[in-house]
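**Q** For reference, this is target19.txt, and it has compact mmCIF, C-alpha atoms and all ligand atoms.
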# COMPACT_ATOMS: atom_id res chain seq x y z
CA MET S 1 1.90 -126.57 -116.93
CA GLY S 2 0.16 -124.10 -119.25
CA THR S 3 3.19 -122.78 -121.11
CA THR S 4 3.82 -122.28 -124.83
CA THR S 5 6.55 -124.42 -126.31
CA GLN S 6 8.32 -121.22 -127.37
CA ALA S 7 9.24 -120.62 -123.73
CA TYR S 8 11.48 -123.72 -123.82
CA GLY S 9 13.94 -121.74 -125.92
CA GLU S 10 14.34 -119.03 -123.26
CA PRO S 11 16.97 -119.43 -120.50
CA SER S 12 14.75 -117.41 -118.11
CA TYR S 13 12.02 -120.05 -118.46
CA TRP S 14 14.42 -122.75 -117.24
CA ASP S 15 15.78 -120.69 -114.32
CA ASN S 16 12.21 -120.04 -113.25
CA ARG S 17 11.20 -123.64 -113.60
CA TYR S 18 14.19 -124.99 -111.67
CA SER S 19 13.62 -122.44 -108.89
CA GLN S 20 10.20 -124.00 -108.39
CA GLU S 21 10.89 -127.72 -108.82
CA SER S 22 13.77 -129.52 -107.23
CA GLY S 23 13.44 -132.68 -109.36
CA PRO S 24 14.83 -135.02 -110.45
CA PHE S 25 12.89 -135.01 -113.70
CA ASP S 26 13.86 -136.81 -116.91
CA TRP S 27 12.47 -135.82 -120.27
CA TYR S 28 11.41 -138.54 -122.76
CA GLN S 29 13.30 -141.48 -121.26
CA LYS S 30 15.20 -142.35 -118.10
CA TYR S 31 18.71 -143.77 -118.13
CA PRO S 32 17.83 -147.49 -117.72
CA SER S 33 15.81 -147.59 -120.95
CA LEU S 34 18.61 -145.95 -122.96
CA ALA S 35 21.50 -147.77 -121.27
CA PRO S 36 21.67 -150.67 -123.78
CA LEU S 37 22.06 -148.19 -126.64
CA LEU S 38 24.70 -146.17 -124.83
CA ARG S 39 26.72 -149.22 -123.86
CA LEU S 40 26.77 -150.21 -127.51
CA TYR S 41 28.36 -146.95 -128.67
CA ILE S 42 30.20 -145.58 -125.64
CA PRO S 43 32.83 -147.61 -123.76
CA ARG S 44 32.90 -147.01 -119.99
CA HIS S 45 36.33 -145.31 -120.03
CA HIS S 46 35.27 -142.64 -122.54
CA ARG S 47 34.91 -138.97 -121.62
CA ILE S 48 31.29 -137.88 -121.92
CA LEU S 49 29.58 -134.51 -122.19
CA VAL S 50 25.86 -134.23 -121.37
CA VAL S 51 24.48 -130.99 -122.82
CA GLY S 52 21.46 -129.30 -121.20
CA CYS S 53 21.40 -131.76 -118.31
CA GLY S 54 18.69 -130.02 -116.28
CA ASN S 55 17.91 -131.81 -113.01
CA SER S 56 17.76 -135.17 -114.78
CA ALA S 57 19.20 -138.27 -113.10
CA PHE S 58 20.73 -139.36 -116.40
CA SER S 59 24.37 -138.48 -115.66
CA GLU S 60 24.10 -140.09 -112.23
CA GLY S 61 22.70 -143.21 -113.92
CA MET S 62 25.70 -143.34 -116.23
CA VAL S 63 28.16 -143.12 -113.36
CA ASP S 64 26.25 -145.78 -111.39
CA ASP S 65 26.56 -147.92 -114.52
CA GLY S 66 30.36 -147.62 -114.54
CA TYR S 67 31.11 -144.51 -116.61
CA GLY S 68 33.97 -142.68 -114.93
CA ASP S 69 34.08 -139.19 -116.45
CA VAL S 70 30.77 -137.45 -117.09
CA VAL S 71 30.67 -133.68 -117.52
CA SER S 72 27.21 -132.07 -117.57
CA ILE S 73 26.40 -128.53 -118.63
CA ASP S 74 23.30 -126.37 -118.56
CA ILE S 75 22.53 -122.72 -119.23
CA SER S 76 20.56 -122.43 -115.98
CA SER S 77 22.71 -121.34 -113.04
CA VAL S 78 19.87 -122.35 -110.70
CA VAL S 79 19.96 -126.00 -111.75
CA ILE S 80 23.75 -126.19 -112.00
CA GLU S 81 24.19 -124.87 -108.45
CA ALA S 82 21.65 -127.41 -107.19
CA MET S 83 23.34 -130.27 -109.04
CA GLN S 84 26.83 -129.24 -107.85
CA LYS S 85 25.54 -129.32 -104.29
CA LYS S 86 23.72 -132.62 -104.73
CA TYR S 87 26.71 -134.42 -106.26
CA CYS S 88 29.61 -132.78 -104.41
CA ASN S 89 30.79 -136.21 -103.22
CA ARG S 90 30.75 -137.87 -106.65
CA SER S 91 34.11 -137.09 -108.31
CA GLN S 92 33.06 -138.76 -111.60
CA LEU S 93 30.28 -136.17 -112.02
CA LYS S 94 31.03 -132.56 -112.93
CA TYR S 95 28.42 -129.83 -113.39
CA ILE S 96 29.28 -126.58 -115.18
CA LYS S 97 27.07 -123.65 -116.11
CA MET S 98 27.59 -123.18 -119.83
CA ASP S 99 25.71 -122.26 -122.99
CA VAL S 100 25.87 -125.14 -125.47
CA ARG S 101 26.23 -122.55 -128.24
CA ASP S 102 29.52 -121.35 -126.77
CA MET S 103 31.59 -124.09 -125.19
CA SER S 104 34.90 -122.26 -125.72
CA THR S 105 36.01 -123.36 -122.24
CA PHE S 106 36.44 -126.84 -123.76
CA HIS S 107 39.27 -127.54 -126.19
CA THR S 108 38.51 -128.84 -129.64
CA GLY S 109 38.26 -132.64 -129.60
CA SER S 110 37.95 -133.02 -125.83
CA PHE S 111 35.06 -135.52 -125.63
CA ASP S 112 34.44 -139.03 -126.97
CA ALA S 113 30.69 -138.63 -126.76
CA VAL S 114 28.09 -135.88 -126.47
CA ILE S 115 24.63 -136.76 -125.21
CA ASP S 116 21.67 -134.50 -125.87
CA LYS S 117 18.26 -135.41 -124.51
CA GLY S 118 15.83 -132.63 -125.30
CA THR S 119 18.27 -129.72 -125.53
CA LEU S 120 18.38 -129.23 -129.29
CA ASP S 121 14.60 -129.61 -129.11
CA SER S 122 14.47 -126.73 -126.62
CA LEU S 123 16.55 -124.44 -128.78
CA LEU S 124 14.32 -125.25 -131.72
CA CYS S 125 11.32 -123.97 -129.76
CA GLY S 126 12.70 -120.47 -129.24
CA ASN S 127 13.46 -117.40 -131.31
CA ASN S 128 16.23 -117.64 -133.94
CA SER S 129 15.82 -121.39 -133.68
CA ARG S 130 17.61 -122.29 -136.91
CA GLU S 131 20.61 -120.12 -136.15
CA ASN S 132 20.80 -121.39 -132.57
CA ALA S 133 20.55 -125.03 -133.67
CA ILE S 134 23.33 -124.59 -136.22
CA THR S 135 25.61 -122.83 -133.73
CA MET S 136 24.95 -125.57 -131.21
CA LEU S 137 25.67 -128.38 -133.67
CA GLU S 138 28.88 -126.72 -134.79
CA GLU S 139 30.02 -126.50 -131.18
CA VAL S 140 29.07 -130.13 -130.55
CA GLY S 141 31.08 -131.14 -133.62
CA ARG S 142 34.04 -129.07 -132.45
CA VAL S 143 34.30 -130.48 -128.92
CA LEU S 144 33.94 -134.06 -130.18
CA LYS S 145 37.03 -136.11 -130.99
CA ASP S 146 37.41 -137.29 -134.58
CA LYS S 147 35.71 -140.59 -133.91
CA GLY S 148 33.38 -139.15 -131.30
CA VAL S 149 29.66 -139.88 -131.25
CA TYR S 150 26.75 -137.51 -130.82
CA ILE S 151 23.72 -139.19 -129.32
CA LEU S 152 20.62 -137.11 -129.87
CA ILE S 153 17.42 -138.14 -128.14
CA THR S 154 14.84 -135.97 -129.80
CA TYR S 155 11.13 -135.52 -130.22
CA GLY S 156 11.88 -133.97 -133.61
CA SER S 157 10.28 -134.95 -136.90
CA SER S 158 12.09 -136.89 -139.59
CA ASN S 159 11.96 -133.70 -141.66
CA PHE S 160 14.11 -131.92 -139.14
CA SER S 161 16.41 -134.93 -138.82
CA SER S 162 17.35 -134.81 -142.49
CA THR S 163 18.19 -131.08 -142.25
CA PHE S 164 20.28 -131.95 -139.25
CA VAL S 165 22.15 -134.75 -141.03
CA GLU S 166 22.87 -132.50 -143.97
CA ARG S 167 24.22 -129.76 -141.72
CA PHE S 168 26.27 -132.00 -139.49
CA MET S 169 27.94 -133.54 -142.48
CA LEU S 170 29.21 -130.20 -143.74
CA VAL S 171 32.67 -129.03 -142.78
CA ASP S 172 32.28 -125.26 -142.87
CA ASN S 173 28.57 -124.93 -143.64
CA LYS S 174 29.35 -125.00 -147.35
CA THR S 175 31.68 -127.85 -148.22
CA PRO S 176 30.60 -131.46 -147.76
CA CYS S 177 33.13 -133.24 -145.56
CA ASP S 178 35.41 -135.93 -146.97
CA ARG S 179 33.93 -139.39 -147.39
CA GLU S 180 35.75 -140.87 -144.41
CA THR S 181 34.47 -138.20 -142.01
CA CYS S 182 30.96 -138.49 -143.43
CA VAL S 183 30.99 -142.23 -142.85
CA ARG S 184 32.26 -141.73 -139.30
CA ARG S 185 29.52 -139.21 -138.66
CA MET S 186 26.83 -141.32 -140.19
CA LEU S 187 23.58 -140.86 -138.33
CA TRP S 188 21.80 -143.92 -137.01
CA THR S 189 18.24 -143.35 -135.96
CA PHE S 190 16.25 -145.50 -133.59
CA ASP S 191 12.58 -145.04 -132.96
CA LEU S 192 12.04 -145.15 -129.22
CA GLY S 193 8.63 -145.22 -127.63
CA VAL S 194 7.91 -142.07 -125.64
CA ASP S 195 6.39 -142.19 -122.20
CA GLU S 196 3.74 -139.55 -122.97
CA SER S 197 3.11 -138.84 -119.30
CA ARG S 198 6.65 -137.46 -119.02
CA SER S 199 7.19 -135.95 -122.46
CA THR S 200 6.10 -132.40 -121.74
CA GLY S 201 6.58 -130.03 -118.91
C1 LIG P 301 13.93 -130.32 -122.24
S1 LIG P 301 15.09 -129.96 -120.98
C2 LIG P 301 16.01 -131.50 -120.95
C3 LIG P 301 16.71 -131.71 -119.65
C4 LIG P 301 17.45 -133.07 -119.53
N1 LIG P 301 18.42 -133.23 -120.59
C5 LIG P 301 16.50 -134.24 -119.54
O1 LIG P 301 16.59 -135.08 -120.42
O2 LIG P 301 15.65 -134.33 -118.65
C6 LIG P 301 16.22 -128.86 -121.83
C7 LIG P 301 17.39 -128.39 -121.00
O3 LIG P 301 18.25 -127.63 -121.84
C8 LIG P 301 18.75 -126.53 -121.13
N2 LIG P 301 19.14 -125.50 -122.10
C9 LIG P 301 18.34 -124.73 -122.87
N3 LIG P 301 19.06 -123.92 -123.65
C10 LIG P 301 20.37 -124.20 -123.37
C11 LIG P 301 21.59 -123.70 -123.85
N4 LIG P 301 21.64 -122.73 -124.79
N5 LIG P 301 22.74 -124.20 -123.35
C12 LIG P 301 22.71 -125.17 -122.38
N6 LIG P 301 21.58 -125.68 -121.89
C13 LIG P 301 20.41 -125.21 -122.38
C14 LIG P 301 17.59 -126.13 -120.23
O4 LIG P 301 18.00 -125.35 -119.13
C15 LIG P 301 17.03 -127.49 -119.85
O5 LIG P 301 17.62 -127.96 -118.66
So that I can check it, write out the structure of this file as structure tokens.
Ligand SMILES: C[S@@+](CC[C@H](N)C(=O)[O-])C[C@H]1O[C@@H](n2cnc3c(N)ncnc32)[C@H](O)[C@@H]1O
**A**
Amino acid sequence: MGTTTQAYGEPSYWDNRYSQESGPFDWYQKYPSLAPLLRLYIPRHHRILVVGCGNSAFSEGMVDDGYGDVVSIDISSVVIEAMQKKYCNRSQLKYIKMDVRDMSTFHTGSFDAVIDKGTLDSLLCGNNSRENAITMLEEVGRVLKDKGVYILITYGSSNFSSTFVERFMLVDNKTPCDRETCVRRMLWTFDLGVDESRSTG
């Protein structure tokens, strides 16, 4: 597609891209290959937030698999309008235009699970990447219930992952959280094979 990875951090890049391609397109993995992992950690009755959904068929896959309340957000109004139109008859699927760095529309502790496939990766490609990633992770932590799970499907290096773990286990960016919360938020990592033909735009 002849673009620098830095463009992935810019909302205008995504609006442009979604104006040109109707999709669906799934980054890294499609729902069926991740379903066994999701079923293990997320019961079907749980409330789920998919951040940076794009025009992926992932949320639809979850609902087809029996999940009953899947909210998907994206910063691109182009893709959200298209997805709202496409799924207007599926009451279990909601699409909202929202910046993952500011989800103030959602109350604290409103979701049992947050799923991120490629969105933190996008933010890390752009300007102010560190600041944006931290703001995003704080918001993800805020909207999650106490025992909520954050499932991150990332192309990131193990180096980044350890920075992430460290950050996510801090309460206010300074104080390590209490042992119980740290254990609850323990990060499990799984190495998934990437379908290289679909890993980049
Ligand atoms: C690499 S794509 C992944 C799309 C989809 N999750 C998938 O797996 O196919 C990254 C998505 O994140 C969205 N995005 C980028 N920055 C965002 C932000 N600040 N808030 C919400 N969504 C954002 C983009 O519009 C894009 O749809």
**Q** In file coordinates, which residues lie within 7 Å of (19.1, -125.4, -128.5) using all atoms listed in the file, given as number ranges by chain?
**A** S: 9, 119-124, 132-133, 136
**Q** Return as number ranges by chain every polymer residue, whether protein, DNA or RNA, with at least one atom no more than 9 Å from an atom of ligand LIG 301 (chain P); count only C-alpha atoms and all ligand atoms.
**A** S: 8-15, 17-18, 24-30, 50-58, 73-77, 79, 97-102, 115-123, 132, 136, 153, 199-201
**Q** Calculate how many Å separate CA of Ser59 in chain S from CA of Ile42 in chain S, rounding to one decimal.
**A**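 These two atoms are separated by 13.6 Å.
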**Q** Which is closest to Tyr150 in chain S among S:Leu49, S:Ile134, S:Ile96, S:Met103, if we use all atoms listed in the file?
**A**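 Among the listed residues, the smallest separation from Tyr150 in chain S belongs to S:Leu49.
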**Q** Applying 12 Å and only C-alpha atoms, which residues near Arg142 in chain S remain after dropping the ones on its own chain fewer than 4 positions away? List them as a list in words.
**A**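 With the cut-off at 12 Å, the set is Val100, Arg101, Asp102, Met103, Ser104, Thr105, Phe106, His107, Thr108, Gly109, Ser110, Phe111, Asp112, Ala113, Val114, Thr135, Met136, Leu137, Glu138, Asp146, Lys147, Gly148, Val149, Tyr150, Phe168, Val171 and Asp172 of chain S.
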**Q** Could you take the residues named above and write them with C-alpha atoms, as a compact mmCIF listing (two decimals), keeping the file's coordinate frame?
**A**
# COMPACT_ATOMS: atom_id res chain seq x y z
CA VAL S 100 25.87 -125.14 -125.47
CA ARG S 101 26.23 -122.55 -128.24
CA ASP S 102 29.52 -121.35 -126.77
CA MET S 103 31.59 -124.09 -125.19
CA SER S 104 34.90 -122.26 -125.72
CA THR S 105 36.01 -123.36 -122.24
CA PHE S 106 36.44 -126.84 -123.76
CA HIS S 107 39.27 -127.54 -126.19
CA THR S 108 38.51 -128.84 -129.64
CA GLY S 109 38.26 -132.64 -129.60
CA SER S 110 37.95 -133.02 -125.83
CA PHE S 111 35.06 -135.52 -125.63
CA ASP S 112 34.44 -139.03 -126.97
CA ALA S 113 30.69 -138.63 -126.76
CA VAL S 114 28.09 -135.88 -126.47
CA THR S 135 25.61 -122.83 -133.73
CA MET S 136 24.95 -125.57 -131.21
CA LEU S 137 25.67 -128.38 -133.67
CA GLU S 138 28.88 -126.72 -134.79
CA ASP S 146 37.41 -137.29 -134.58
CA LYS S 147 35.71 -140.59 -133.91
CA GLY S 148 33.38 -139.15 -131.30
CA VAL S 149 29.66 -139.88 -131.25
CA TYR S 150 26.75 -137.51 -130.82
CA PHE S 168 26.27 -132.00 -139.49
CA VAL S 171 32.67 -129.03 -142.78
CA ASP S 172 32.28 -125.26 -142.87
**Q** In Å to one decimal, how far is CA of Val71 in chain S from CA of Leu144 in chain S?
**A**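 Straight-line distance from CA of Leu144 in chain S to CA of Val71 in chain S works out to 13.1 Å.
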**Q** Could you add whatever atoms are missing so that range 38-51 of chain S carries N, CA and C atoms, then write the result as a PDB file, keeping the file's coordinate frame?
**A**
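This is the output file rebuild-v3.pdb:
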ATOM      1  N   LEU S  38      23.471-146.880-125.187  1.00  0.00           N
ATOM      2  CA  LEU S  38      24.700-146.170-124.830  1.00  0.00           C
ATOM      3  C   LEU S  38      25.885-147.122-124.692  1.00  0.00           C
ATOM      4  N   ARG S  39      25.624-148.251-124.063  1.00  0.00           N
ATOM      5  CA  ARG S  39      26.720-149.220-123.860  1.00  0.00           C
ATOM      6  C   ARG S  39      27.257-149.723-125.192  1.00  0.00           C
ATOM      7  N   LEU S  40      26.393-149.740-126.178  1.00  0.00           N
ATOM      8  CA  LEU S  40      26.770-150.210-127.510  1.00  0.00           C
ATOM      9  C   LEU S  40      27.749-149.248-128.186  1.00  0.00           C
ATOM     10  N   TYR S  41      27.562-147.952-127.942  1.00  0.00           N
ATOM     11  CA  TYR S  41      28.360-146.950-128.670  1.00  0.00           C
ATOM     12  C   TYR S  41      29.402-146.245-127.818  1.00  0.00           C
ATOM     13  N   ILE S  42      29.260-146.319-126.497  1.00  0.00           N
ATOM     14  CA  ILE S  42      30.200-145.580-125.640  1.00  0.00           C
ATOM     15  C   ILE S  42      30.836-146.507-124.614  1.00  0.00           C
ATOM     16  N   PRO S  43      32.144-146.805-124.780  1.00  0.00           N
ATOM     17  CA  PRO S  43      32.830-147.610-123.760  1.00  0.00           C
ATOM     18  C   PRO S  43      32.891-146.857-122.422  1.00  0.00           C
ATOM     19  N   ARG S  44      32.970-147.604-121.331  1.00  0.00           N
ATOM     20  CA  ARG S  44      32.900-147.010-119.990  1.00  0.00           C
ATOM     21  C   ARG S  44      34.029-146.010-119.691  1.00  0.00           C
ATOM     22  N   HIS S  45      35.203-146.194-120.359  1.00  0.00           N
ATOM     23  CA  HIS S  45      36.330-145.310-120.030  1.00  0.00           C
ATOM     24  C   HIS S  45      36.294-143.998-120.843  1.00  0.00           C
ATOM     25  N   HIS S  46      35.320-143.841-121.705  1.00  0.00           N
ATOM     26  CA  HIS S  46      35.270-142.640-122.540  1.00  0.00           C
ATOM     27  C   HIS S  46      34.834-141.401-121.759  1.00  0.00           C
ATOM     28  N   ARG S  47      35.282-140.246-122.262  1.00  0.00           N
ATOM     29  CA  ARG S  47      34.910-138.970-121.620  1.00  0.00           C
ATOM     30  C   ARG S  47      33.617-138.460-122.268  1.00  0.00           C
ATOM     31  N   ILE S  48      32.644-138.182-121.421  1.00  0.00           N
ATOM     32  CA  ILE S  48      31.290-137.880-121.920  1.00  0.00           C
ATOM     33  C   ILE S  48      30.837-136.475-121.520  1.00  0.00           C
ATOM     34  N   LEU S  49      30.186-135.813-122.470  1.00  0.00           N
ATOM     35  CA  LEU S  49      29.580-134.510-122.190  1.00  0.00           C
ATOM     36  C   LEU S  49      28.064-134.625-122.354  1.00  0.00           C
ATOM     37  N   VAL S  50      27.329-134.251-121.296  1.00  0.00           N
ATOM     38  CA  VAL S  50      25.860-134.230-121.370  1.00  0.00           C
ATOM     39  C   VAL S  50      25.454-132.765-121.490  1.00  0.00           C
ATOM     40  N   VAL S  51      24.839-132.406-122.614  1.00  0.00           N
ATOM     41  CA  VAL S  51      24.480-130.990-122.820  1.00  0.00           C
ATOM     42  C   VAL S  51      23.034-130.743-122.391  1.00  0.00           C
TER      43      VAL S  51
END
